[in-house]
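File shown: protein_13.cif (mmCIF, C-alpha atoms).
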```cif
data_protein
#
loop_
_atom_site.group_PDB
_atom_site.id
_atom_site.type_symbol
_atom_site.label_atom_id
_atom_site.label_comp_id
_atom_site.auth_asym_id
_atom_site.auth_seq_id
_atom_site.Cartn_x
_atom_site.Cartn_y
_atom_site.Cartn_z
ATOM 1 C CA THR A 1 -31.427 -208.008 -262.159
ATOM 2 C CA LEU A 2 -31.387 -204.312 -262.869
ATOM 3 C CA HIS A 3 -28.580 -204.737 -265.417
ATOM 4 C CA GLN A 4 -30.520 -207.364 -267.341
ATOM 5 C CA ASP A 5 -33.659 -205.220 -267.240
ATOM 6 C CA MET A 6 -31.823 -202.208 -268.622
ATOM 7 C CA ALA A 7 -29.969 -204.289 -271.228
ATOM 8 C CA SER A 8 -33.293 -205.633 -272.506
ATOM 9 C CA GLY A 9 -34.344 -202.071 -273.355
ATOM 10 C CA LEU A 10 -31.151 -200.924 -275.084
ATOM 11 C CA SER A 11 -31.037 -200.750 -278.868
ATOM 12 C CA MET A 12 -27.348 -201.693 -279.042
ATOM 13 C CA PRO A 13 -25.211 -204.745 -278.337
ATOM 14 C CA VAL A 14 -24.559 -205.479 -274.660
ATOM 15 C CA GLY A 15 -21.928 -207.872 -273.304
ATOM 16 C CA PHE A 16 -22.194 -209.885 -270.098
ATOM 17 C CA ALA A 17 -19.299 -211.472 -268.234
ATOM 18 C CA SER A 18 -19.046 -213.365 -264.974
ATOM 19 C CA PRO A 19 -16.437 -212.232 -262.482
ATOM 20 C CA SER A 20 -15.281 -215.712 -261.496
ATOM 21 C CA GLY A 21 -16.113 -219.379 -261.305
ATOM 22 C CA ASP A 22 -18.298 -220.819 -264.045
ATOM 23 C CA VAL A 23 -17.792 -217.887 -266.415
ATOM 24 C CA ALA A 24 -20.169 -218.840 -269.176
ATOM 25 C CA ALA A 25 -23.113 -219.963 -267.025
ATOM 26 C CA ALA A 26 -23.943 -216.588 -265.448
ATOM 27 C CA ALA A 27 -23.268 -214.726 -268.691
ATOM 28 C CA VAL A 28 -25.556 -217.051 -270.669
ATOM 29 C CA ASP A 29 -28.297 -216.582 -268.052
ATOM 30 C CA ALA A 30 -27.887 -212.793 -268.329
ATOM 31 C CA CYS A 31 -28.081 -212.940 -272.139
ATOM 32 C CA ALA A 32 -31.243 -215.037 -271.940
ATOM 33 C CA ALA A 33 -32.806 -212.557 -269.509
ATOM 34 C CA ALA A 34 -31.881 -209.542 -271.668
ATOM 35 C CA LEU A 35 -33.467 -211.229 -274.702
ATOM 36 C CA GLN A 36 -36.884 -211.258 -273.002
ATOM 37 C CA SER A 37 -39.296 -208.331 -272.837
ATOM 38 C CA ARG A 38 -39.255 -206.756 -269.393
ATOM 39 C CA CYS A 39 -40.929 -204.079 -267.276
ATOM 40 C CA PHE A 40 -38.843 -201.969 -264.927
ATOM 41 C CA PHE A 41 -38.548 -198.485 -263.474
ATOM 42 C CA GLY A 42 -36.679 -195.969 -265.609
ATOM 43 C CA ASP A 43 -36.484 -192.301 -266.466
ATOM 44 C CA THR A 44 -38.364 -190.420 -269.159
ATOM 45 C CA LYS A 45 -36.895 -187.735 -271.416
ATOM 46 C CA GLN A 46 -38.485 -185.216 -269.064
ATOM 47 C CA GLY A 47 -36.598 -186.660 -266.087
ATOM 48 C CA THR A 48 -39.555 -188.265 -264.349
ATOM 49 C CA THR A 49 -39.743 -191.857 -263.190
ATOM 50 C CA ALA A 50 -41.877 -194.225 -265.232
ATOM 51 C CA ILE A 51 -42.459 -197.908 -265.871
ATOM 52 C CA VAL A 52 -40.476 -198.904 -268.938
ATOM 53 C CA HIS A 53 -41.661 -201.748 -271.170
ATOM 54 C CA SER A 54 -38.823 -203.204 -273.222
ATOM 55 C CA LEU A 55 -39.036 -205.565 -276.178
ATOM 56 C CA GLY A 56 -35.849 -207.444 -275.316
ATOM 57 C CA ASN A 57 -32.372 -207.152 -276.748
ATOM 58 C CA PRO A 58 -31.406 -209.750 -279.387
ATOM 59 C CA ASP A 59 -27.820 -208.439 -279.419
ATOM 60 C CA ALA A 60 -26.683 -209.504 -275.950
ATOM 61 C CA HIS A 61 -23.503 -211.578 -275.977
ATOM 62 C CA ILE A 62 -20.969 -213.255 -273.704
ATOM 63 C CA VAL A 63 -17.689 -211.531 -272.874
ATOM 64 C CA LEU A 64 -15.225 -214.341 -272.144
ATOM 65 C CA PRO A 65 -12.127 -213.291 -270.151
ATOM 66 C CA VAL A 66 -8.863 -215.026 -271.019
ATOM 67 C CA GLY A 67 -7.790 -215.192 -267.375
ATOM 68 C CA ALA A 68 -6.637 -212.989 -264.544
ATOM 69 C CA THR A 69 -2.976 -213.981 -264.735
ATOM 70 C CA SER A 70 -2.642 -215.942 -267.970
ATOM 71 C CA PRO A 71 -2.788 -214.631 -271.535
ATOM 72 C CA HIS A 72 -4.013 -217.981 -272.861
ATOM 73 C CA CYS A 73 -7.475 -218.459 -274.313
ATOM 74 C CA PRO A 74 -7.954 -222.219 -274.463
ATOM 75 C CA GLU A 75 -10.108 -223.457 -277.300
ATOM 76 C CA ARG A 76 -11.976 -225.509 -274.702
ATOM 77 C CA SER A 77 -13.171 -222.325 -272.922
ATOM 78 C CA VAL A 78 -14.471 -220.879 -276.177
ATOM 79 C CA GLY A 79 -16.089 -224.204 -277.071
ATOM 80 C CA ASP A 80 -17.734 -224.499 -273.649
ATOM 81 C CA ALA A 81 -19.185 -220.988 -273.915
ATOM 82 C CA LEU A 82 -20.527 -221.637 -277.417
ATOM 83 C CA ALA A 83 -22.008 -224.979 -276.310
ATOM 84 C CA ARG A 84 -23.850 -223.240 -273.446
ATOM 85 C CA LEU A 85 -25.278 -220.695 -275.893
ATOM 86 C CA GLU A 86 -26.439 -223.474 -278.211
ATOM 87 C CA LYS A 87 -27.967 -225.494 -275.354
ATOM 88 C CA SER A 88 -29.867 -222.393 -274.226
ATOM 89 C CA GLU A 89 -30.999 -221.770 -277.820
ATOM 90 C CA LEU A 90 -29.448 -218.292 -277.775
ATOM 91 C CA PRO A 91 -27.763 -216.522 -280.684
ATOM 92 C CA HIS A 92 -24.153 -217.606 -281.038
ATOM 93 C CA GLY A 93 -21.428 -215.084 -280.526
ATOM 94 C CA ILE A 94 -18.821 -214.348 -277.921
ATOM 95 C CA ILE A 95 -16.393 -211.501 -277.443
ATOM 96 C CA VAL A 96 -13.038 -212.587 -276.005
ATOM 97 C CA ASP A 97 -11.546 -210.152 -273.482
ATOM 98 C CA CYS A 98 -7.793 -210.226 -274.171
ATOM 99 C CA THR A 99 -6.914 -207.534 -271.627
ATOM 100 C CA VAL A 100 -5.484 -210.002 -269.061
ATOM 101 C CA SER A 101 -6.407 -207.890 -266.058
ATOM 102 C CA GLY A 102 -5.727 -208.769 -262.476
ATOM 103 C CA PRO A 103 -2.963 -208.708 -259.885
ATOM 104 C CA GLY A 104 0.433 -209.318 -261.443
ATOM 105 C CA SER A 105 -0.930 -209.167 -264.986
ATOM 106 C CA ASP A 106 0.945 -207.562 -267.860
ATOM 107 C CA TYR A 107 -1.043 -205.650 -270.471
ATOM 108 C CA ARG A 108 1.628 -206.494 -273.059
ATOM 109 C CA GLN A 109 0.477 -210.135 -272.986
ATOM 110 C CA GLN A 110 -2.842 -209.342 -274.666
ATOM 111 C CA SER A 111 -1.241 -209.766 -278.104
ATOM 112 C CA GLN A 112 -0.509 -213.400 -277.199
ATOM 113 C CA ALA A 113 -4.176 -213.942 -276.311
ATOM 114 C CA ALA A 114 -5.293 -212.267 -279.551
ATOM 115 C CA ALA A 115 -2.879 -214.454 -281.538
ATOM 116 C CA GLU A 116 -4.430 -217.573 -279.989
ATOM 117 C CA ILE A 117 -7.891 -216.348 -281.007
ATOM 118 C CA CYS A 118 -6.624 -215.789 -284.560
ATOM 119 C CA GLN A 119 -5.280 -219.369 -284.602
ATOM 120 C CA GLN A 120 -8.651 -220.694 -283.480
ATOM 121 C CA LEU A 121 -10.432 -218.721 -286.204
ATOM 122 C CA ALA A 122 -7.910 -219.875 -288.827
ATOM 123 C CA GLY A 123 -8.525 -223.444 -287.639
ATOM 124 C CA GLY A 124 -12.238 -223.140 -288.399
ATOM 125 C CA LYS A 125 -13.644 -222.101 -284.996
ATOM 126 C CA ARG A 126 -16.878 -220.165 -285.488
ATOM 127 C CA GLY A 127 -18.798 -218.105 -283.000
ATOM 128 C CA ILE A 128 -16.081 -215.669 -281.924
ATOM 129 C CA THR A 129 -17.467 -212.324 -283.010
ATOM 130 C CA GLY A 130 -14.824 -209.992 -281.597
ATOM 131 C CA VAL A 131 -12.080 -209.259 -279.101
ATOM 132 C CA LEU A 132 -11.512 -206.622 -276.427
ATOM 133 C CA LEU A 133 -8.067 -205.018 -276.407
ATOM 134 C CA GLN A 134 -6.598 -202.267 -274.260
ATOM 135 C CA SER A 135 -4.965 -199.309 -275.859
ATOM 136 C CA ASN A 136 -1.761 -198.499 -273.995
ATOM 137 C CA LEU A 137 0.037 -195.583 -275.562
ATOM 138 C CA VAL A 138 2.236 -195.244 -272.489
ATOM 139 C CA GLY A 139 2.952 -198.085 -270.066
ATOM 140 C CA GLY A 140 1.934 -197.886 -266.419
ATOM 141 C CA CYS A 141 -0.544 -195.751 -264.540
ATOM 142 C CA GLN A 142 -0.997 -192.207 -265.808
ATOM 143 C CA GLN A 143 -2.128 -189.510 -263.424
ATOM 144 C CA LEU A 144 -4.785 -187.047 -264.532
ATOM 145 C CA PRO A 145 -3.443 -183.530 -264.557
ATOM 146 C CA LEU A 146 -4.876 -181.223 -261.913
ATOM 147 C CA PRO A 147 -7.043 -178.407 -263.221
ATOM 148 C CA GLU A 148 -5.304 -175.046 -263.242
#
```
Whole structure, structure tokens version:
Amino acid sequence: TLHQDMASGLSMPVGFASPSGDVAAAAVDACAAALQSRCFFGDTKQGTTAIVHSLGNPDAHIVLPVGATSPHCPERSVGDALARLEKSELPHGIIVDCTVSGPGSDYRQQSQAAAEICQQLAGGKRGITGVLLQSNLVGGCQQLPLPE
């Protein structure tokens, strides 16, 4: 896909997540695709269209959501994602998304998800390379001020 093509040409880490269903499968496939060299249309510094040849991105990783309505990050989900990476012979490393987004979710529950990740790490789980957390200085939706 276009996202995988572009990710293969970036010189920075890129995370892939699946919106639903078998979360790790689509993300692992995207990581594998981004790891490969690719050719795709892109823009030059001069603003013209060109064919871009990428070398592949070895820093693609899975972003594993904790769940739309639950702040729990079961060790089984982390283990399944890591097993898929190993089976695909991809570099190990997942980022756990603790933001608990979705209808009826509560951003204040992300600390519970992060605590569960810390327990897994303290218990010897390897392969979790980071977490995503929201910064909520003020609860609720904030409106952007209108320009004067």
Check your understanding: What is the CA of Gly93 (chain A)-CA of Ile128 (chain A) distance in Å, reported with one decimal?
Key ->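 Atom-to-atom, CA of Gly93 (chain A) and CA of Ile128 (chain A) are spaced 5.6 Å apart.
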Point to revise | Selection: 12 Å around Glu75 (chain A), only C-alpha atoms, excl. self and same-chain fewer than 6 positions, as a list of chain:residue names | key: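 Those residues are A:Leu64, A:Val66, A:Ala81, A:Leu82, A:Val96, A:Ala113, A:Glu116, A:Ile117, A:Cys118, A:Gln119, A:Gln120, A:Leu121, A:Gly123, A:Gly124, A:Lys125, A:Arg126, A:Gly127, A:Ile128.
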With C-alpha atoms kept, could you save the residues just selected as a PDB file, keeping the file's coordinate frame?
```pdb
ATOM      1  CA  LEU A  64     -15.225-214.341-272.144  1.00  0.00           C
ATOM      2  CA  VAL A  66      -8.863-215.026-271.019  1.00  0.00           C
ATOM      3  CA  ALA A  81     -19.185-220.988-273.915  1.00  0.00           C
ATOM      4  CA  LEU A  82     -20.527-221.637-277.417  1.00  0.00           C
ATOM      5  CA  VAL A  96     -13.038-212.587-276.005  1.00  0.00           C
ATOM      6  CA  ALA A 113      -4.176-213.942-276.311  1.00  0.00           C
ATOM      7  CA  GLU A 116      -4.430-217.573-279.989  1.00  0.00           C
ATOM      8  CA  ILE A 117      -7.891-216.348-281.007  1.00  0.00           C
ATOM      9  CA  CYS A 118      -6.624-215.789-284.560  1.00  0.00           C
ATOM     10  CA  GLN A 119      -5.280-219.369-284.602  1.00  0.00           C
ATOM     11  CA  GLN A 120      -8.651-220.694-283.480  1.00  0.00           C
ATOM     12  CA  LEU A 121     -10.432-218.721-286.204  1.00  0.00           C
ATOM     13  CA  GLY A 123      -8.525-223.444-287.639  1.00  0.00           C
ATOM     14  CA  GLY A 124     -12.238-223.140-288.399  1.00  0.00           C
ATOM     15  CA  LYS A 125     -13.644-222.101-284.996  1.00  0.00           C
ATOM     16  CA  ARG A 126     -16.878-220.165-285.488  1.00  0.00           C
ATOM     17  CA  GLY A 127     -18.798-218.105-283.000  1.00  0.00           C
ATOM     18  CA  ILE A 128     -16.081-215.669-281.924  1.00  0.00           C
TER      19      ILE A 128
END
```
Closest atom pairs, residues of region 39-76 of chain A within 12 Å of region 7-19 of chain A, only C-alpha atoms, as a tab-separated table:
```
residue	atom	partner	partner_atom	distance
A:Cys39	CA	A:Gly9	CA	9.2
A:Phe40	CA	A:Gly9	CA	9.6
A:Phe41	CA	A:Gly9	CA	11.3
A:Gly42	CA	A:Gly9	CA	10.1
A:Ile51	CA	A:Gly9	CA	11.8
A:Val52	CA	A:Gly9	CA	8.2
A:His53	CA	A:Gly9	CA	7.6
A:Ser54	CA	A:Gly9	CA	4.6
A:Leu55	CA	A:Gly9	CA	6.5
A:Gly56	CA	A:Ser8	CA	4.2
A:Asn57	CA	A:Ser8	CA	4.6
A:Pro58	CA	A:Pro13	CA	8.0
A:Asp59	CA	A:Pro13	CA	4.7
A:Ala60	CA	A:Val14	CA	4.7
A:His61	CA	A:Gly15	CA	4.8
A:Ile62	CA	A:Phe16	CA	5.1
A:Val63	CA	A:Ala17	CA	4.9
A:Leu64	CA	A:Ala17	CA	6.3
A:Pro65	CA	A:Ala17	CA	7.6
A:Val66	CA	A:Ala17	CA	11.4
A:Gly67	CA	A:Pro19	CA	10.4
A:Ala68	CA	A:Pro19	CA	10.0
```
Given the selection you just returned, output its residues as a file containing C-alpha atoms, formatted as a short mmCIF file (atom, residue, chain, number, x, y, z; two decimals), in the frame of the given file.
```cif
data_model
loop_
_atom_site.label_atom_id
_atom_site.label_comp_id
_atom_site.auth_asym_id
_atom_site.auth_seq_id
_atom_site.Cartn_x
_atom_site.Cartn_y
_atom_site.Cartn_z
CA CYS A 39 -40.93 -204.08 -267.28
CA PHE A 40 -38.84 -201.97 -264.93
CA PHE A 41 -38.55 -198.48 -263.47
CA GLY A 42 -36.68 -195.97 -265.61
CA ILE A 51 -42.46 -197.91 -265.87
CA VAL A 52 -40.48 -198.90 -268.94
CA HIS A 53 -41.66 -201.75 -271.17
CA SER A 54 -38.82 -203.20 -273.22
CA LEU A 55 -39.04 -205.56 -276.18
CA GLY A 56 -35.85 -207.44 -275.32
CA ASN A 57 -32.37 -207.15 -276.75
CA PRO A 58 -31.41 -209.75 -279.39
CA ASP A 59 -27.82 -208.44 -279.42
CA ALA A 60 -26.68 -209.50 -275.95
CA HIS A 61 -23.50 -211.58 -275.98
CA ILE A 62 -20.97 -213.26 -273.70
CA VAL A 63 -17.69 -211.53 -272.87
CA LEU A 64 -15.22 -214.34 -272.14
CA PRO A 65 -12.13 -213.29 -270.15
CA VAL A 66 -8.86 -215.03 -271.02
CA GLY A 67 -7.79 -215.19 -267.38
CA ALA A 68 -6.64 -212.99 -264.54
#
```
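Residue nearest Ala27 (chain A), chosen from A:Ile95, A:Leu146, A:Ala115, A:Ala122 and counting all atoms listed in the file: A:Ile95.
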Point to revise | Nearest to Ile94 (chain A) by atom-to-atom distance, counting all atoms listed in the file, from A:Gly130, A:Cys31, A:Met6, A:Lys45 | key: A:Gly130
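Distances to Arg108 (chain A) were evaluated for A:Pro74, A:Gly139, A:Gly79, A:Pro91 using all atoms listed in the file, and the minimum falls at A:Gly139.
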